[in-house]
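Raw contents of target.cif, mmCIF, C-alpha atoms:
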data_my_file
loop_
_atom_site.group_PDB
_atom_site.id
_atom_site.type_symbol
_atom_site.label_atom_id
_atom_site.label_comp_id
_atom_site.auth_asym_id
_atom_site.auth_seq_id
_atom_site.Cartn_x
_atom_site.Cartn_y
_atom_site.Cartn_z
ATOM 1 C CA MET A 1 18.844 0.467 51.820
ATOM 2 C CA LYS A 2 18.959 4.101 50.700
ATOM 3 C CA LYS A 3 21.900 3.292 48.387
ATOM 4 C CA ILE A 4 19.782 0.712 46.567
ATOM 5 C CA LEU A 5 16.670 2.917 46.185
ATOM 6 C CA ILE A 6 18.484 5.872 44.587
ATOM 7 C CA PRO A 7 19.791 3.865 41.537
ATOM 8 C CA ILE A 8 16.403 2.152 41.161
ATOM 9 C CA PHE A 9 14.709 5.569 41.195
ATOM 10 C CA PHE A 10 17.028 6.949 38.471
ATOM 11 C CA ILE A 11 16.718 3.822 36.342
ATOM 12 C CA SER A 12 12.914 4.062 36.591
ATOM 13 C CA ILE A 13 12.951 7.738 35.557
ATOM 14 C CA PHE A 14 15.290 6.926 32.634
ATOM 15 C CA LEU A 15 13.008 4.112 31.412
ATOM 16 C CA ILE A 16 9.916 6.310 31.614
ATOM 17 C CA ILE A 17 11.584 9.135 29.667
ATOM 18 C CA THR A 18 12.991 6.901 26.927
ATOM 19 C CA SER A 19 9.774 4.930 26.470
ATOM 20 C CA CYS A 20 7.720 8.138 26.178
ATOM 21 C CA GLY A 21 10.218 9.470 23.640
ATOM 22 C CA ASN A 22 9.409 6.586 21.294
ATOM 23 C CA ILE A 23 5.696 7.338 21.435
ATOM 24 C CA LYS A 24 6.283 10.950 20.406
ATOM 25 C CA GLY A 25 7.582 9.890 16.947
ATOM 26 C CA THR A 26 4.308 8.263 15.886
ATOM 27 C CA LYS A 27 1.445 10.551 14.894
ATOM 28 C CA THR A 28 -2.033 9.351 14.134
ATOM 29 C CA GLU A 29 -4.943 11.244 12.681
ATOM 30 C CA PRO A 30 -8.301 11.290 14.404
ATOM 31 C CA ASN A 31 -10.878 8.898 12.948
ATOM 32 C CA VAL A 32 -8.255 6.676 11.290
ATOM 33 C CA ASN A 33 -8.375 3.032 12.291
ATOM 34 C CA THR A 34 -4.783 1.760 12.618
ATOM 35 C CA LYS A 35 -5.664 -1.662 14.034
ATOM 36 C CA PHE A 36 -6.303 -4.981 12.296
ATOM 37 C CA ASN A 37 -9.724 -5.344 13.866
ATOM 38 C CA THR A 38 -13.309 -6.087 12.781
ATOM 39 C CA GLU A 39 -13.744 -2.616 11.288
ATOM 40 C CA TYR A 40 -10.594 -3.057 9.219
ATOM 41 C CA LYS A 41 -11.568 -6.571 8.085
ATOM 42 C CA LYS A 42 -14.981 -5.309 6.919
ATOM 43 C CA SER A 43 -13.311 -2.573 4.863
ATOM 44 C CA ARG A 44 -11.244 -5.051 2.824
ATOM 45 C CA LYS A 45 -12.813 -5.717 -0.572
ATOM 46 C CA ASN A 46 -11.918 -7.601 -3.725
ATOM 47 C CA PHE A 47 -13.379 -7.627 -7.207
ATOM 48 C CA TYR A 48 -12.814 -9.947 -10.150
ATOM 49 C CA GLY A 49 -13.844 -9.608 -13.761
ATOM 50 C CA GLU A 50 -12.850 -9.920 -17.381
ATOM 51 C CA LEU A 51 -12.631 -7.240 -20.042
ATOM 52 C CA ALA A 52 -13.376 -7.807 -23.700
ATOM 53 C CA LEU A 53 -10.352 -7.582 -26.011
ATOM 54 C CA LYS A 54 -11.128 -4.023 -27.134
ATOM 55 C CA GLU A 55 -11.670 -2.772 -23.543
ATOM 56 C CA ASN A 56 -8.520 -4.556 -22.389
ATOM 57 C CA ASN A 57 -6.425 -2.886 -25.107
ATOM 58 C CA GLU A 58 -7.957 0.511 -24.361
ATOM 59 C CA ILE A 59 -7.338 0.367 -20.609
ATOM 60 C CA ARG A 60 -3.777 -0.863 -21.159
ATOM 61 C CA LYS A 61 -3.095 2.160 -23.397
ATOM 62 C CA ILE A 62 -4.634 4.536 -20.865
ATOM 63 C CA ILE A 63 -2.471 3.030 -18.094
ATOM 64 C CA GLU A 64 0.642 3.363 -20.268
ATOM 65 C CA ASN A 65 -0.187 7.034 -20.929
ATOM 66 C CA GLU A 66 -0.944 7.791 -17.280
ATOM 67 C CA LEU A 67 2.283 6.173 -16.077
ATOM 68 C CA HIS A 68 4.435 7.323 -18.998
ATOM 69 C CA SER A 69 5.592 3.741 -19.453
ATOM 70 C CA GLU A 70 5.358 1.071 -22.068
ATOM 71 C CA VAL A 71 3.876 -2.266 -21.084
ATOM 72 C CA PRO A 72 5.325 -5.089 -23.181
ATOM 73 C CA GLU A 73 2.732 -7.192 -24.977
ATOM 74 C CA GLY A 74 1.887 -10.381 -23.118
ATOM 75 C CA LYS A 75 2.699 -8.978 -19.654
ATOM 76 C CA SER A 76 0.263 -8.556 -16.812
ATOM 77 C CA ILE A 77 0.029 -5.151 -15.139
ATOM 78 C CA LEU A 78 0.137 -4.745 -11.350
ATOM 79 C CA ILE A 79 -0.608 -1.325 -9.909
ATOM 80 C CA ASN A 80 0.142 -0.895 -6.210
ATOM 81 C CA PHE A 81 -1.898 2.091 -5.044
ATOM 82 C CA SER A 82 -1.455 4.209 -1.899
ATOM 83 C CA GLN A 83 -4.061 6.752 -0.796
ATOM 84 C CA LYS A 84 -5.474 8.363 2.320
ATOM 85 C CA GLY A 85 -8.069 6.094 3.896
ATOM 86 C CA SER A 86 -10.014 5.706 7.112
ATOM 87 C CA ASN A 87 -8.520 2.216 7.633
ATOM 88 C CA CYS A 88 -4.751 2.381 7.555
ATOM 89 C CA ILE A 89 -2.554 0.193 9.711
ATOM 90 C CA SER A 90 0.617 1.851 8.412
ATOM 91 C CA MET A 91 -0.630 5.260 9.610
ATOM 92 C CA GLY A 92 0.350 4.101 13.086
ATOM 93 C CA LEU A 93 4.016 3.880 12.012
ATOM 94 C CA ASN A 94 6.626 6.602 12.172
ATOM 95 C CA ASN A 95 8.267 7.649 8.879
ATOM 96 C CA LYS A 96 11.315 5.422 9.354
ATOM 97 C CA ASP A 97 9.215 2.304 9.932
ATOM 98 C CA ALA A 98 6.808 3.312 7.146
ATOM 99 C CA ALA A 99 9.776 3.606 4.754
ATOM 100 C CA THR A 100 10.906 0.109 5.749
ATOM 101 C CA VAL A 101 7.418 -1.321 5.134
ATOM 102 C CA ILE A 102 7.152 0.491 1.782
ATOM 103 C CA ASN A 103 10.577 -0.740 0.645
ATOM 104 C CA ASN A 104 9.683 -4.300 1.666
ATOM 105 C CA GLY A 105 6.472 -3.979 -0.354
ATOM 106 C CA ILE A 106 8.433 -2.847 -3.414
ATOM 107 C CA ARG A 107 10.865 -5.735 -3.018
ATOM 108 C CA ILE A 108 8.062 -8.320 -2.655
ATOM 109 C CA SER A 109 6.053 -6.864 -5.556
ATOM 110 C CA SER A 110 9.134 -6.885 -7.787
ATOM 111 C CA ARG A 111 9.905 -10.511 -6.932
ATOM 112 C CA ILE A 112 6.320 -11.640 -7.554
ATOM 113 C CA SER A 113 6.162 -9.657 -10.799
ATOM 114 C CA MET A 114 9.433 -11.079 -12.072
ATOM 115 C CA ASN A 115 8.259 -14.632 -11.352
ATOM 116 C CA ASN A 116 4.846 -14.109 -12.997
ATOM 117 C CA ASN A 117 5.549 -12.210 -16.248
ATOM 118 C CA THR A 118 4.188 -8.977 -14.763
ATOM 119 C CA ILE A 119 5.246 -5.344 -14.765
ATOM 120 C CA ASP A 120 4.528 -3.527 -11.505
ATOM 121 C CA PHE A 121 3.899 0.133 -10.787
ATOM 122 C CA PHE A 122 3.571 2.148 -7.591
ATOM 123 C CA VAL A 123 1.161 5.085 -7.533
ATOM 124 C CA TYR A 124 0.236 7.433 -4.689
ATOM 125 C CA THR A 125 -2.225 10.278 -4.161
ATOM 126 C CA ALA A 126 -1.264 13.779 -3.073
ATOM 127 C CA ASP A 127 -2.963 13.310 0.332
ATOM 128 C CA VAL A 128 -1.426 9.907 1.156
ATOM 129 C CA PHE A 129 -0.189 9.282 4.699
ATOM 130 C CA HIS A 130 3.634 9.436 4.891
ATOM 131 C CA LYS A 131 3.619 11.525 1.703
ATOM 132 C CA ASP A 132 7.274 12.506 2.016
ATOM 133 C CA VAL A 133 8.291 8.832 2.110
ATOM 134 C CA HIS A 134 6.339 8.128 -1.102
ATOM 135 C CA GLN A 135 7.477 11.347 -2.756
ATOM 136 C CA ASN A 136 11.150 10.629 -2.089
ATOM 137 C CA ASN A 137 10.979 7.072 -3.420
ATOM 138 C CA ALA A 138 11.801 6.902 -7.138
ATOM 139 C CA ASN A 139 9.523 3.874 -7.586
ATOM 140 C CA PHE A 140 6.393 5.898 -6.832
ATOM 141 C CA LYS A 141 4.486 8.074 -9.287
ATOM 142 C CA LEU A 142 2.010 10.734 -8.221
ATOM 143 C CA ASP A 143 -1.523 10.012 -9.427
ATOM 144 C CA SER A 144 -2.972 12.663 -11.746
ATOM 145 C CA GLY A 145 -6.380 11.729 -10.350
ATOM 146 C CA PHE A 146 -7.060 9.085 -12.995
ATOM 147 C CA PHE A 147 -6.454 6.053 -10.762
ATOM 148 C CA TYR A 148 -8.211 7.596 -7.748
ATOM 149 C CA ASN A 149 -11.326 8.524 -9.759
ATOM 150 C CA ASN A 150 -11.532 5.642 -12.236
ATOM 151 C CA ILE A 151 -9.845 2.509 -10.913
ATOM 152 C CA PHE A 152 -9.595 2.797 -7.120
ATOM 153 C CA THR A 153 -12.991 4.329 -6.421
ATOM 154 C CA PHE A 154 -13.326 3.163 -2.808
ATOM 155 C CA HIS A 155 -11.328 5.224 -0.364
ATOM 156 C CA GLU A 156 -11.710 3.343 2.920
ATOM 157 C CA ASN A 157 -8.246 1.726 2.823
ATOM 158 C CA CYS A 158 -4.888 3.362 2.334
ATOM 159 C CA GLU A 159 -3.559 0.518 0.157
ATOM 160 C CA ALA A 160 -4.994 -1.297 -2.845
ATOM 161 C CA PHE A 161 -3.902 -3.055 -5.992
ATOM 162 C CA PHE A 162 -5.181 -3.692 -9.491
ATOM 163 C CA ILE A 163 -4.021 -6.515 -11.761
ATOM 164 C CA LEU A 164 -4.856 -6.714 -15.445
ATOM 165 C CA LYS A 165 -3.796 -9.858 -17.274
ATOM 166 C CA PRO A 166 -3.130 -9.935 -21.040
ATOM 167 C CA ASN A 167 -6.306 -12.010 -21.528
ATOM 168 C CA GLY A 168 -8.445 -9.282 -19.906
ATOM 169 C CA GLN A 169 -8.965 -10.946 -16.526
ATOM 170 C CA PHE A 170 -8.587 -8.467 -13.697
ATOM 171 C CA MET A 171 -8.605 -8.268 -9.937
ATOM 172 C CA LYS A 172 -8.907 -5.250 -7.676
ATOM 173 C CA PHE A 173 -8.249 -5.488 -3.940
ATOM 174 C CA TYR A 174 -8.522 -2.922 -1.138
ATOM 175 C CA GLY A 175 -6.488 -3.498 2.025
ATOM 176 C CA GLU A 176 -2.926 -3.777 3.277
ATOM 177 C CA ASP A 177 -0.698 -6.864 3.298
ATOM 178 C CA TYR A 178 -2.095 -8.241 0.073
ATOM 179 C CA PHE A 179 0.797 -10.005 -1.632
ATOM 180 C CA SER A 180 -0.583 -13.519 -1.182
ATOM 181 C CA GLU A 181 -3.711 -12.301 -3.052
ATOM 182 C CA VAL A 182 -1.522 -10.919 -5.862
ATOM 183 C CA GLU A 183 0.520 -14.081 -6.218
ATOM 184 C CA ASN A 184 -2.519 -16.398 -6.154
ATOM 185 C CA PHE A 185 -4.318 -14.420 -8.870
ATOM 186 C CA LEU A 186 -1.264 -14.153 -11.119
ATOM 187 C CA GLN A 187 -0.605 -17.893 -10.894
ATOM 188 C CA LYS A 188 -4.183 -18.844 -11.970
#

Structure translated into structure tokens:
Amino acid sequence: MKKILIPIFFISIFLIITSCGNIKGTKTEPNVNTKFNTEYKKSRKNFYGELALKENNEIRKIIENELHSEVPEGKSILINFSQKGSNCISMGLNNKDAATVINNGIRISSRISMNNNTIDFFVYTADVFHKDVHQNNANFKLDSGFFYNNIFTFHENCEAFFILKPNGQFMKFYGEDYFSEVENFLQK
């Protein structure tokens, strides 16, 4: 009987140590909701509108200047925006898992953009969660403050997007896991 209990004891200790080691890699900040719960659902917002031709042309030029990129005429613009927010599911991830989620988001955005005559951009703020992951990804551009102060003016969620179509129709959405929203709006 004693011979059976000793291996069980060591296996139990090993499992406890290795499972606690995984928890250590994930840091969360106080007062940040990392769950898809009622609080998170209430923080998700979307806005639709349409700009007049002159306003549309002006905002397109400003976006081109801010991102140091040229947007071909006739293409929609998709800006994927990452910021620090009080509702952030991805904050509960370690850097390796966050990098995987971010890379999947880039891949999905690129596919949707290619299929819908859209050019996509990825912008992050200096205080974003997992900053080193964003900073080390060539797809991301650091916001000068323009997008944070003028386009993405709500700061409850750590992810958002803005779409501007060539005809001036736009959509802004705050929340994570939004690619079905992007695709539906672009296909209208």

Might you pull out every residue within 9 Å of Ile89 of chain A, with all atoms listed in the file counted and same-chain residues fewer than 3 positions away left off, and present them as a list in words?
->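 Residues meeting the cut-off are Val32, Asn33, Thr34, Lys35, Phe36, Tyr40, Gly92, Leu93, Cys158 and Glu176 of chain A.
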
Would you please work out which residue, of A:Pro166, A:Phe154, A:Phe173, A:Leu51, is nearest to Lys75 of chain A when using all atoms listed in the file?
->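 Of A:Pro166, A:Phe154, A:Phe173, A:Leu51, the one nearest Lys75 of chain A, counting all atoms listed in the file, is A:Pro166.
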
Taking the file as shown, what set of residues would the PyMOL selection byres ((chain A and resi 107-120) around 7) give back, as an MDAnalysis selection string?
-> chainID A and resid 75:79 103:106 121:122 183 186:187

May I ask for the distance between atom CA of Ala99 of chain A and atom CA of Arg60 of chain A, given in Å to one decimal place?
-> 29.6 Å

Provide the atom CA of Asp127 of chain A to atom CA of Lys165 of chain A distance in Å, to one decimal place.
->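 Straight-line distance from atom CA of Asp127 of chain A to atom CA of Lys165 of chain A works out to 29.1 Å.
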
Report as a PyMOL selection string the full result of the PyMOL selection byres ((chain A and resi 172) around 9) when it is applied to this structure.
-> chain A and resi 45-49+151-152+160-164+170-171+173-174

Just give me the gap between atom CA of Asn136 of chain A and atom CA of Glu66 of chain A in Å, one decimal is fine.
->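 Taking atom CA of Asn136 of chain A as the start and atom CA of Glu66 of chain A as the end point, the length is 19.6 Å.
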
With distances taken over only C-alpha atoms, the candidate from A:Gly168, A:Phe185, A:Tyr148, A:Thr100 nearest Glu50 of chain A is A:Gly168

Using all atoms listed in the file, which of A:Ser69, A:Asn80, A:Asn87, A:Asn37 sits nearest Glu156 of chain A?
->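 Looking only at the distances to Glu156 of chain A, the closest residue turns out to be A:Asn87.
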
A:Asn94, A:Ser43, A:Thr153, A:Ser82: which is nearest Gln135 of chain A, counting all atoms listed in the file?
->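 Going through A:Asn94, A:Ser43, A:Thr153, A:Ser82 one by one, the smallest distance to Gln135 of chain A is for A:Ser82.
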
Pick from A:Asn150, A:Phe129, A:Met91, A:Asn57: nearest to Glu73 of chain A, with all atoms listed in the file counted?
-> A:Asn57
